[in-house]
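Have a look at query.cif below; it lists mmCIF, C-alpha atoms.
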data_run
loop_
_atom_site.label_atom_id
_atom_site.label_comp_id
_atom_site.auth_asym_id
_atom_site.auth_seq_id
_atom_site.Cartn_x
_atom_site.Cartn_y
_atom_site.Cartn_z
CA MET A 42 97.47 71.87 104.07
CA VAL A 43 96.05 75.33 104.61
CA GLN A 44 95.58 77.40 101.49
CA VAL A 45 95.40 81.17 101.53
CA ASN A 46 93.60 82.89 98.69
CA PHE A 47 94.78 86.38 97.87
CA ASN A 48 92.22 88.77 96.47
CA SER A 49 93.87 91.50 94.44
CA SER A 50 91.57 94.11 95.96
CA ASN A 51 92.84 93.48 99.48
CA VAL A 52 96.52 92.67 98.89
CA ARG A 53 99.07 95.40 99.24
CA ASN A 54 101.55 94.93 96.44
CA GLY A 55 104.27 97.10 97.87
CA SER A 56 104.55 99.30 94.82
CA ASN A 57 104.60 103.05 95.06
CA ALA A 58 101.50 104.34 93.25
CA GLN A 59 103.13 107.73 92.69
CA SER A 60 105.96 106.18 90.68
CA ILE A 61 103.48 104.91 88.10
CA HIS A 62 102.23 108.42 87.38
CA SER A 63 105.52 110.25 87.77
CA PRO A 64 107.28 111.89 84.83
CA ASN A 65 110.07 109.32 85.24
CA ALA A 66 107.80 106.31 84.64
CA ALA A 67 110.12 104.94 81.94
CA GLU A 68 113.08 105.04 84.34
CA ASN A 69 111.01 103.39 87.07
CA LYS A 70 110.01 100.62 84.64
CA LYS A 71 113.71 99.94 83.90
CA VAL A 72 114.52 99.67 87.61
CA GLU A 73 111.53 97.36 88.19
CA SER A 74 112.54 95.22 85.23
CA SER A 75 116.10 94.85 86.54
CA ASN A 76 114.71 93.33 89.77
CA PHE A 77 112.86 90.65 87.83
CA LYS A 78 114.57 87.38 87.03
CA SER A 79 112.57 84.70 85.23
CA SER A 80 112.31 81.12 86.35
CA THR A 81 114.28 78.61 84.33
CA PHE A 82 113.11 75.24 83.06
CA ALA A 83 114.91 71.90 82.82
CA PRO A 84 115.55 70.56 79.33
CA VAL A 85 112.96 68.04 78.15
CA ARG A 86 114.30 64.75 76.82
CA GLU A 87 112.65 63.14 73.83
CA SER A 88 111.00 59.90 74.89
CA LYS A 89 109.99 56.95 72.74
CA ALA A 90 107.97 55.55 75.64
CA ALA A 91 106.03 58.80 76.25
CA PRO A 92 106.33 61.05 73.16
CA VAL A 93 103.08 62.93 73.83
CA GLN A 94 104.13 63.71 77.40
CA ALA A 95 107.51 65.02 76.16
CA LYS A 96 105.72 67.37 73.73
CA LEU A 97 103.44 68.59 76.54
CA ASP A 98 106.40 69.10 78.89
CA LYS A 99 108.08 71.37 76.32
CA GLN A 100 105.09 73.71 76.73
CA LEU A 101 105.59 74.03 80.52
CA PRO A 102 106.91 77.63 80.41
CA GLN A 103 103.81 78.76 78.50
CA ILE A 104 101.52 76.83 80.83
CA ILE A 105 102.81 77.94 84.25
CA GLY A 106 104.77 81.08 83.40
CA HIS A 107 107.83 82.40 85.18
CA SER A 108 106.70 84.06 88.42
CA PHE A 109 104.74 82.80 91.38
CA LEU A 110 102.98 84.24 94.43
CA LEU A 111 103.79 82.28 97.58
CA VAL A 112 100.71 80.90 99.33
CA ALA A 113 102.21 78.28 101.65
CA VAL A 114 105.40 76.32 102.20
CA GLU A 115 106.07 73.06 103.98
CA ASN A 116 109.34 71.38 104.86
CA VAL A 117 109.10 67.61 104.40
CA SER A 118 111.54 64.78 104.82
CA SER A 119 111.55 61.30 103.37
CA THR A 120 113.72 58.28 104.01
CA ASP A 121 115.06 56.11 101.23
CA PRO A 122 113.93 52.57 102.13
CA LYS A 123 117.04 50.97 100.61
CA SER A 124 119.81 53.23 101.93
CA GLY A 125 118.10 54.75 104.94
CA ASN A 126 119.25 58.22 103.88
CA GLU A 127 116.94 61.06 104.80
CA THR A 128 116.16 63.73 102.18
CA LYS A 129 114.75 67.11 103.15
CA SER A 130 112.63 69.05 100.69
CA ALA A 131 110.67 72.29 100.64
CA VAL A 132 107.24 72.12 99.00
CA TYR A 133 106.01 75.54 97.87
CA THR A 134 102.33 76.07 97.16
CA VAL A 135 102.25 79.01 94.78
CA ARG A 136 99.76 80.86 92.61
CA VAL A 137 100.70 81.37 88.97
CA VAL A 138 100.79 85.15 88.48
CA SER A 139 102.24 85.43 84.98
CA LYS A 140 99.33 86.95 83.01
CA LYS A 141 100.33 85.22 79.77
CA ALA A 142 100.45 81.77 81.39
CA LYS A 143 97.68 79.34 80.49
CA ALA A 144 97.40 78.40 84.17
CA PHE A 145 97.11 82.05 85.30
CA ARG A 146 95.72 82.23 88.88
CA GLU A 147 95.99 78.45 89.39
CA LEU A 148 97.58 76.95 92.50
CA VAL A 149 100.50 74.60 91.90
CA GLN A 150 103.01 72.91 94.15
CA ILE A 151 106.72 72.95 93.34
CA LYS A 152 109.12 70.76 95.31
CA VAL A 153 112.75 71.73 95.82
CA LYS A 154 114.68 68.65 96.90
CA ASN A 155 117.69 68.78 99.24
CA SER A 156 116.50 72.15 100.52
CA THR A 157 114.60 73.80 103.32
CA SER A 158 112.20 76.70 102.94
CA ILE A 159 113.71 80.09 102.16
CA ILE A 160 110.74 81.72 103.94
CA ASN A 161 110.13 81.24 107.65
CA SER A 162 106.64 80.72 109.06
CA GLU A 163 106.64 84.06 110.91
CA GLU A 164 107.24 85.93 107.67
CA LEU A 165 104.50 83.96 105.91
CA ASP A 166 102.14 84.82 108.79
CA GLN A 167 102.97 88.52 108.32
CA VAL A 168 102.03 88.25 104.64
CA MET A 169 98.81 86.43 105.49
CA LEU A 170 97.87 89.21 107.93
CA GLN A 171 98.75 91.78 105.24
CA VAL A 172 101.41 93.37 107.44
CA ALA A 173 104.13 92.51 104.91
CA LYS A 174 104.00 92.64 101.13
CA PRO A 175 103.27 89.42 99.22
CA ILE A 176 106.24 87.22 98.35
CA ILE A 177 107.03 86.58 94.69
CA LEU A 178 109.22 83.57 93.88
CA ARG A 179 111.10 82.21 90.91
CA PHE A 180 112.52 78.72 90.53
CA ASP A 181 115.54 77.21 88.76
CA GLN A 182 115.29 74.19 86.48
CA ILE A 183 111.56 73.51 86.85
CA ALA A 184 110.70 70.05 85.57
CA HIS A 185 107.40 68.20 85.20
CA TYR A 186 107.11 64.50 85.99
CA ALA A 187 104.06 62.38 85.20
CA PHE A 188 103.69 59.00 86.84
CA MET A 189 100.92 56.44 87.35
CA GLY A 190 98.01 58.85 87.60
CA GLY A 191 99.94 61.67 89.26
CA GLU A 192 102.31 64.47 88.44
CA SER A 193 104.96 66.53 90.14
CA LEU A 194 106.72 69.83 89.54
CA ASN A 195 110.28 69.88 90.87
CA ALA A 196 112.96 72.56 90.87
CA THR A 197 116.56 72.80 91.96
CA LYS A 198 116.29 76.15 93.75
CA ALA A 199 113.73 78.72 94.93
CA GLU A 200 114.57 82.41 94.98
CA ARG A 201 112.68 85.42 96.31
CA LEU A 202 112.21 88.36 93.96
CA ASN A 203 112.02 91.95 95.12
CA VAL A 204 109.09 92.88 92.88
CA SER A 205 105.42 93.61 93.46
CA VAL A 206 102.60 91.30 92.42
CA GLN A 207 101.68 93.71 89.63
CA GLN A 208 105.25 93.75 88.31
CA ALA A 209 105.32 89.94 88.32
CA MET A 210 101.98 89.79 86.53
CA ASP A 211 103.07 92.22 83.81
CA HIS A 212 106.46 90.65 83.16
CA ASP A 213 106.78 88.23 80.26
#

Written form, structure tokens:
Amino acid sequence: MVQVNFNSSNVRNGSNAQSIHSPNAAENKKVESSNFKSSTFAPVRESKAAPVQAKLDKQLPQIIGHSFLLVAVENVSSTDPKSGNETKSAVYTVRVVSKKAKAFRELVQIKVKNSTSIINSEELDQVMLQVAKPIILRFDQIAHYAFMGGESLNATKAERLNVSVQQAMDHD
């Protein structure tokens, strides 16, 4: 997998610098805020077999935050050995950009099962070449799974947000 590291000094965030200093900054903030929609998290079930893991999973929103900068995406398929059914999934490699998140700036992968990527490779190339603004994503029903020395973050849906990196960083 190829990973792209974004340096804030060389990424265009798509925001209009004049709007920050304009007399209508409060109005602009309201408009920006209305474009932001937080990720949602799956409910965590209490577990007698793994009570510590359940407590840790309840902290997932504080650990990874609610908004993510797209770094890479890969469409994968797997075949169920018993039924032979093929499942398609999109695996998003994203950088945590919520400033208040404990994993701020960390790279994580979030898998959306029964889905294909909402971003095509040409568009991702444009972002990498800094011709297009960075892509901020949110996810529905993010869940953490721990298993035999590994872990996985899964979601039911990925959605693109029309906000800048700075707006995503500053949003709770």

Q) In terms of the shortest atom-to-atom distance over only C-alpha atoms, which of A:Ala187, A:Val114, A:Ile105, A:Ala142 is closest to Ala91 in chain A? A)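 Of A:Ala187, A:Val114, A:Ile105, A:Ala142, the one nearest Ala91 in chain A, counting only C-alpha atoms, is A:Ala187.
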
Q: Show which residues sit within 7 Å of Phe180 in chain A, as a list in words. Count only C-alpha atoms, and ignore same-chain residues fewer than 4 positions away.
A: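 Answer for this query is Ser80, Thr81, Ala196, Lys198, Ala199 and Glu200 of chain A.
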
Please dump the current selection as a PDB file, in the frame of the given file; keep C-alpha atoms.
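Produced file part_17.pdb, reproduced below:
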ATOM      1  CA  SER A  80     112.310  81.120  86.350  1.00  0.00           C
ATOM      2  CA  THR A  81     114.280  78.610  84.330  1.00  0.00           C
ATOM      3  CA  ALA A 196     112.960  72.560  90.870  1.00  0.00           C
ATOM      4  CA  LYS A 198     116.290  76.150  93.750  1.00  0.00           C
ATOM      5  CA  ALA A 199     113.730  78.720  94.930  1.00  0.00           C
ATOM      6  CA  GLU A 200     114.570  82.410  94.980  1.00  0.00           C
TER       7      GLU A 200
END

Q) How far is it from CA of Gln171 in chain A to CA of Asn203 in chain A, in Å with one decimal? A)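 Between CA of Gln171 in chain A and CA of Asn203 in chain A the gap works out to 16.7 Å.
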
Q: Mind giving me the straight-line distance from CA of Asp98 in chain A to CA of Val85 in chain A in Å, one decimal?
A: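 Between CA of Asp98 in chain A and CA of Val85 in chain A the gap works out to 6.7 Å.
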
(Q) Under the rule that only C-alpha atoms are counted, which of A:Gln182, A:Gln103, A:Gln150, A:Ser158 is the nearest residue to Asn116 in chain A? (A) A:Ser158

Q.
So the first atom is CA of Leu111 in chain A and the second is CA of Val135 in chain A; what is the distance between them in Å, to one decimal place?
A.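 So the answer is 4.6 Å.
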
Q: Run the PyMOL selection byres ((chain A and resi 211) around 9) against the file shown and list the residues it catches, as a list in words.
A: Val138, Ser139, Lys140, Lys141, Val206, Gln207, Gln208, Ala209, Met210, His212 and Asp213 of chain A

Q. Which residue out of A:Leu148, A:Ala184, A:Val137, A:Ala131 has the minimum interatomic distance to Leu97 in chain A when only C-alpha atoms are used?
A. A:Ala184

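Nearest to Val132 in chain A of all the residues A:Ala90, A:Val117, A:Val204, A:Ala144 is A:Val117, based on only C-alpha atoms.
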
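Minimum atom-to-atom distance to Ala83 in chain A, evaluated using all atoms listed in the file, belongs to A:Leu101 out of A:Leu101, A:Lys96, A:Pro122, A:Ser193.
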
Q.
Just checking: using only C-alpha atoms, which residue out of A:Lys78, A:Asn126, A:Ser156, A:Leu202 ends up closest to Lys174 in chain A?
A. A:Leu202

Q | Point (106.6, 68.4, 88.8) neighbourhood (7 Å, only C-alpha atoms) written as a list in words | A |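 Collected hits near the coordinates: Ile151, Ala184, His185, Tyr186, Glu192, Ser193, Leu194 and Asn195 of chain A.
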